[in-house]
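Colleague: Quick one: structure below, then a few questions.
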Amino acid sequence: MRQFAALALEEVPALAQDILREIRAEYPGLPVVLDDSGEPMALIGIRRALEGFVQQLASQEGRPRYHLEVFQEFGRGEGLHGRSLDSLQAIYRLGVRLAWRRLAEIGQQIEIPPPAMYELAESGFEYLDGLVDQSVRGYAEAAAREAGERLRLQRKLMELLLSERRSDSTTGAAHGSGAGIGPASGGKASASGKTSALGNALGERAARVGWQLPERVAVGVLLRPAREAVAPAVGEGVLLDMEAEQPRMVVPDPEAAGRPELLRRAMTGWSGAIGPPVALADAAKSLRWAEAAVRLMERGLLPSGEVLHCTEHTEALVLLQPEELIEDLARRCLAPLEHCGPAHGRRLAETLLAWLETRGGAPEVAARLGVHPQTVRYRLRQIRELWGDEVDDPDRRFELELVLRARRLRGLLGRA
């Protein structure tokens with residue numbers, strides 16, 4: 001085998017040239033990449049592969065060793081240019097077939113017995129597998145690097161898109177202010193320039209990740225079902241940031257046909273909230289509502305275990321969000337109940353709310369509460385005694401209904 005290896009090494013330079021020539025004839029579109037000295041990288045790779053294989057035979061080591069970084073580079077190149085490894089592996093197979101043809105001729109010249117030639121062939125295919133593994137490793141590294149860079153750029157895009165500063169300045173410029181007289185005119189121009197710069201930055205970042213700027217978006221905030229949960233398959237076009245403690249997503253054209261159903265299927269097993277659809281410039285506002293809904297979910301005030309749409313829970317979001325203001329209003333409006341016992345006060349509050357919502361008489365209110373009409377008449381007389389003429393004032397009735405609905409949403413009153 002040492003004699004075979006010596007003869008084969010002499011053939012390597014010419015054989016490498018022949019193989020490259022055949023490959024280029026078979027694959028005319030193959031890019032020519034040169035190293036620092038101007039020599040084709042493909043030729044270097046073929047030559048090193050042949051030398052490595054022959055030296056492997058000469059040393060008679062049990063398993064081949066691969067130190068062929070150039071084949072990793074081939075794999076990286078395919079990955080970075082968005083190509084598959086199919087054509088590269090086909091080129092490798094062609095090269096091995098051509099190399100084996102010449103090596104077999106050498107084996108016949110020195111009369112290597114057939115069993116030894118069979119072992120030589122097996123070693124050749126094992127060596128080919130190793131070269132493919134090197135390229136696959138390089139390809140995987142390139143793919144991971146590309147995916148990581150895309151995610152980084154996508155997060156940068158989302159940061160700018162969801163920036164309160166961007167939303168405020170864009171909104172201000174859109175609505176305008178003042179009559180443009182004197183210094184105010186210069187200020188308006190400055191704000192317009194700032195908004196234009198932000199818009200340009202947004203467009204540039206969107207272009208870098210291939211995201212077409214939509215007219216409307218909805219922003220979602222997600223709660224992880226588990227620490228190592230796999231990202232939901234939200235589909236192309238939806239921006240997703242899984243790095244945040246509570247992952248965020250930006251849904252373009254959320255009202256487009258089929259989009260809600262696609263999201264519903266993709267979000268199986270996840271919970272969270274999707275803010276209302278807004279103009280692109282107001283994405284931060286949609287985010288605020290989604291965050292508010294998630295906070296209410298965490299407190300048990302909105303259903304958990306699914307991804308909610310804020311537009312379907314408007315009452316809860318409006319009434320439960322300004323908690324301090326609603327509580328202060330409730331303290332003033334419901335002061336007449338302070339001297340009633342907790343259970344009786346709750347029954348009166350539920351009856352008052354049912355009456356305000358139905359605007360009906362005792363039978364309608366009784367049907368809503370599931371009690372006898374005579375019980376309702378008794379309670380309504382007590383309500384009159386407690387609030388007097390205030391229950392006839394439209395503004396006071398509105399305030400009472402507001403605070404009582406808020407209490408019902410918090411679970412402090414029963415649901416009729």
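Labels for the structure tokens follow display order: chains A, B, ..., residues from 1 in each chain, ligands from 1.
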When DSSP is applied to the backbone of this structure, which of stretch 113-359 of chain A are assigned helix (DSSP H, G or I)? Write them out as number ranges by chain.

Modeller: A: 114-161, 164-175, 183-208, 259-266, 280-298, 310-312, 314-320, 323-333, 335-337, 342-358

Colleague: Which residues come within 6 Å of stretch 395-406 of chain A, counting only C-alpha atoms, excluding same-chain residues fewer than 3 positions away, as a list in words?

Modeller: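 These residues fall inside the cut-off: Leu319, Ala330, Val391 and Leu409 of chain A.
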
Colleague: For A:Gln382, which residue among A:Leu302, A:Ile274, A:Cys340, A:Leu103 is the nearest when counting only C-alpha atoms?

Modeller: A:Cys340

Colleague: What is the distance, in Å and to one decimal place, between atom CA of A:Val251 and atom CA of A:Ala218?

Modeller: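 Computing the Euclidean distance for atom CA of A:Val251 and atom CA of A:Ala218 yields 5.2 Å.
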
Colleague: Going by DSSP on the backbone, which bits of stretch 188-335 of chain A are strand (DSSP E)? Write them as a JSON list (two decimals) with N, CA and C atoms, in the first residue's frame, please.

Modeller:
[["chain", "number", "residue", "atom", "x", "y", "z"],
["A", 216, "ARG", "N", -51.44, 48.53, 8.82],
["A", 216, "ARG", "CA", -51.96, 48.33, 10.18],
["A", 216, "ARG", "C", -51.28, 47.12, 10.81],
["A", 217, "VAL", "N", -51.14, 47.17, 12.11],
["A", 217, "VAL", "CA", -50.53, 46.06, 12.86],
["A", 217, "VAL", "C", -51.29, 45.85, 14.16],
["A", 218, "ALA", "N", -51.09, 44.69, 14.74],
["A", 218, "ALA", "CA", -51.54, 44.42, 16.11],
["A", 218, "ALA", "C", -50.35, 43.80, 16.83],
["A", 219, "VAL", "N", -50.14, 44.20, 18.06],
["A", 219, "VAL", "CA", -48.98, 43.74, 18.83],
["A", 219, "VAL", "C", -49.44, 42.81, 19.92],
["A", 220, "GLY", "N", -48.76, 41.67, 20.02],
["A", 220, "GLY", "CA", -49.12, 40.67, 21.04],
["A", 220, "GLY", "C", -48.04, 40.52, 22.09],
["A", 221, "VAL", "N", -48.46, 40.15, 23.29],
["A", 221, "VAL", "CA", -47.55, 39.82, 24.40],
["A", 221, "VAL", "C", -47.92, 38.42, 24.85],
["A", 222, "LEU", "N", -46.93, 37.54, 24.95],
["A", 222, "LEU", "CA", -47.19, 36.14, 25.24],
["A", 222, "LEU", "C", -46.65, 35.73, 26.61],
["A", 223, "LEU", "N", -47.29, 34.75, 27.19],
["A", 223, "LEU", "CA", -46.83, 34.14, 28.44],
["A", 223, "LEU", "C", -46.35, 32.73, 28.11],
["A", 239, "LEU", "N", -43.54, 39.29, 13.04],
["A", 239, "LEU", "CA", -42.29, 39.50, 13.77],
["A", 239, "LEU", "C", -42.44, 38.93, 15.17],
["A", 240, "LEU", "N", -41.44, 38.18, 15.61],
["A", 240, "LEU", "CA", -41.52, 37.52, 16.91],
["A", 240, "LEU", "C", -40.20, 37.70, 17.64],
["A", 241, "ASP", "N", -40.27, 38.18, 18.87],
["A", 241, "ASP", "CA", -39.09, 38.34, 19.72],
["A", 241, "ASP", "C", -39.24, 37.42, 20.92],
["A", 248, "ARG", "N", -42.81, 38.99, 22.55],
["A", 248, "ARG", "CA", -43.68, 39.93, 21.83],
["A", 248, "ARG", "C", -43.78, 39.51, 20.37],
["A", 249, "MET", "N", -44.87, 39.91, 19.75],
["A", 249, "MET", "CA", -44.99, 39.69, 18.32],
["A", 249, "MET", "C", -45.74, 40.86, 17.69],
["A", 250, "VAL", "N", -45.39, 41.14, 16.44],
["A", 250, "VAL", "CA", -46.05, 42.19, 15.67],
["A", 250, "VAL", "C", -46.72, 41.51, 14.49],
["A", 251, "VAL", "N", -48.04, 41.62, 14.44],
["A", 251, "VAL", "CA", -48.83, 40.95, 13.40],
["A", 251, "VAL", "C", -49.19, 41.97, 12.34],
["A", 252, "PRO", "N", -48.69, 41.83, 11.10],
["A", 252, "PRO", "CA", -49.06, 42.77, 10.04],
["A", 252, "PRO", "C", -50.45, 42.45, 9.50],
["A", 271, "SER", "N", -50.54, 31.31, 25.98],
["A", 271, "SER", "CA", -51.51, 32.29, 26.46],
["A", 271, "SER", "C", -50.88, 33.67, 26.33],
["A", 272, "GLY", "N", -51.73, 34.67, 26.40],
["A", 272, "GLY", "CA", -51.26, 36.05, 26.23],
["A", 272, "GLY", "C", -52.38, 36.89, 25.67],
["A", 273, "ALA", "N", -52.01, 38.00, 25.07],
["A", 273, "ALA", "CA", -53.01, 38.92, 24.53],
["A", 273, "ALA", "C", -52.48, 39.62, 23.30],
["A", 274, "ILE", "N", -53.39, 39.90, 22.38],
["A", 274, "ILE", "CA", -53.06, 40.66, 21.17],
["A", 274, "ILE", "C", -53.81, 41.98, 21.23],
["A", 278, "VAL", "N", -54.02, 48.76, 14.89],
["A", 278, "VAL", "CA", -53.77, 50.20, 14.84],
["A", 278, "VAL", "C", -52.94, 50.50, 13.60],
["A", 279, "ALA", "N", -52.84, 51.80, 13.29],
["A", 279, "ALA", "CA", -51.94, 52.21, 12.22],
["A", 279, "ALA", "C", -50.51, 51.87, 12.62],
["A", 307, "VAL", "N", -54.73, 32.82, 23.98],
["A", 307, "VAL", "CA", -54.30, 34.14, 23.55],
["A", 307, "VAL", "C", -55.55, 34.97, 23.25],
["A", 308, "LEU", "N", -55.79, 35.97, 24.09],
["A", 308, "LEU", "CA", -56.99, 36.80, 23.96],
["A", 308, "LEU", "C", -56.77, 37.93, 22.97],
["A", 309, "HIS", "N", -57.86, 38.41, 22.40],
["A", 309, "HIS", "CA", -57.84, 39.62, 21.58],
["A", 309, "HIS", "C", -58.45, 40.74, 22.41]]

Colleague: Taking only C-alpha atoms into account, name the residue in A:Gly411, A:Gly130, A:Gly388, A:Pro260 that is nearest to A:Leu301.

Modeller: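 Among A:Gly411, A:Gly130, A:Gly388, A:Pro260, it is A:Gly411 that comes nearest to A:Leu301.
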
Colleague: Got a sec: who's within 8 Å of A:Met41, counting only C-alpha atoms, leaving out chain neighbours fewer than 4 positions off, as a ChimeraX atom specification?

Modeller: /A:32-35,45,70

Colleague: What's the separation between atom CA of A:Gly305 and atom CA of A:Ala290, in Å to one decimal place?

Modeller: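 Those two atoms sit 15.2 Å apart.
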
Colleague: Tell me, in Å to one decimal, how far atom CA of A:Tyr139 is from atom CA of A:Leu88.

Modeller: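 Calculated distance between atom CA of A:Tyr139 and atom CA of A:Leu88 is 10.8 Å.
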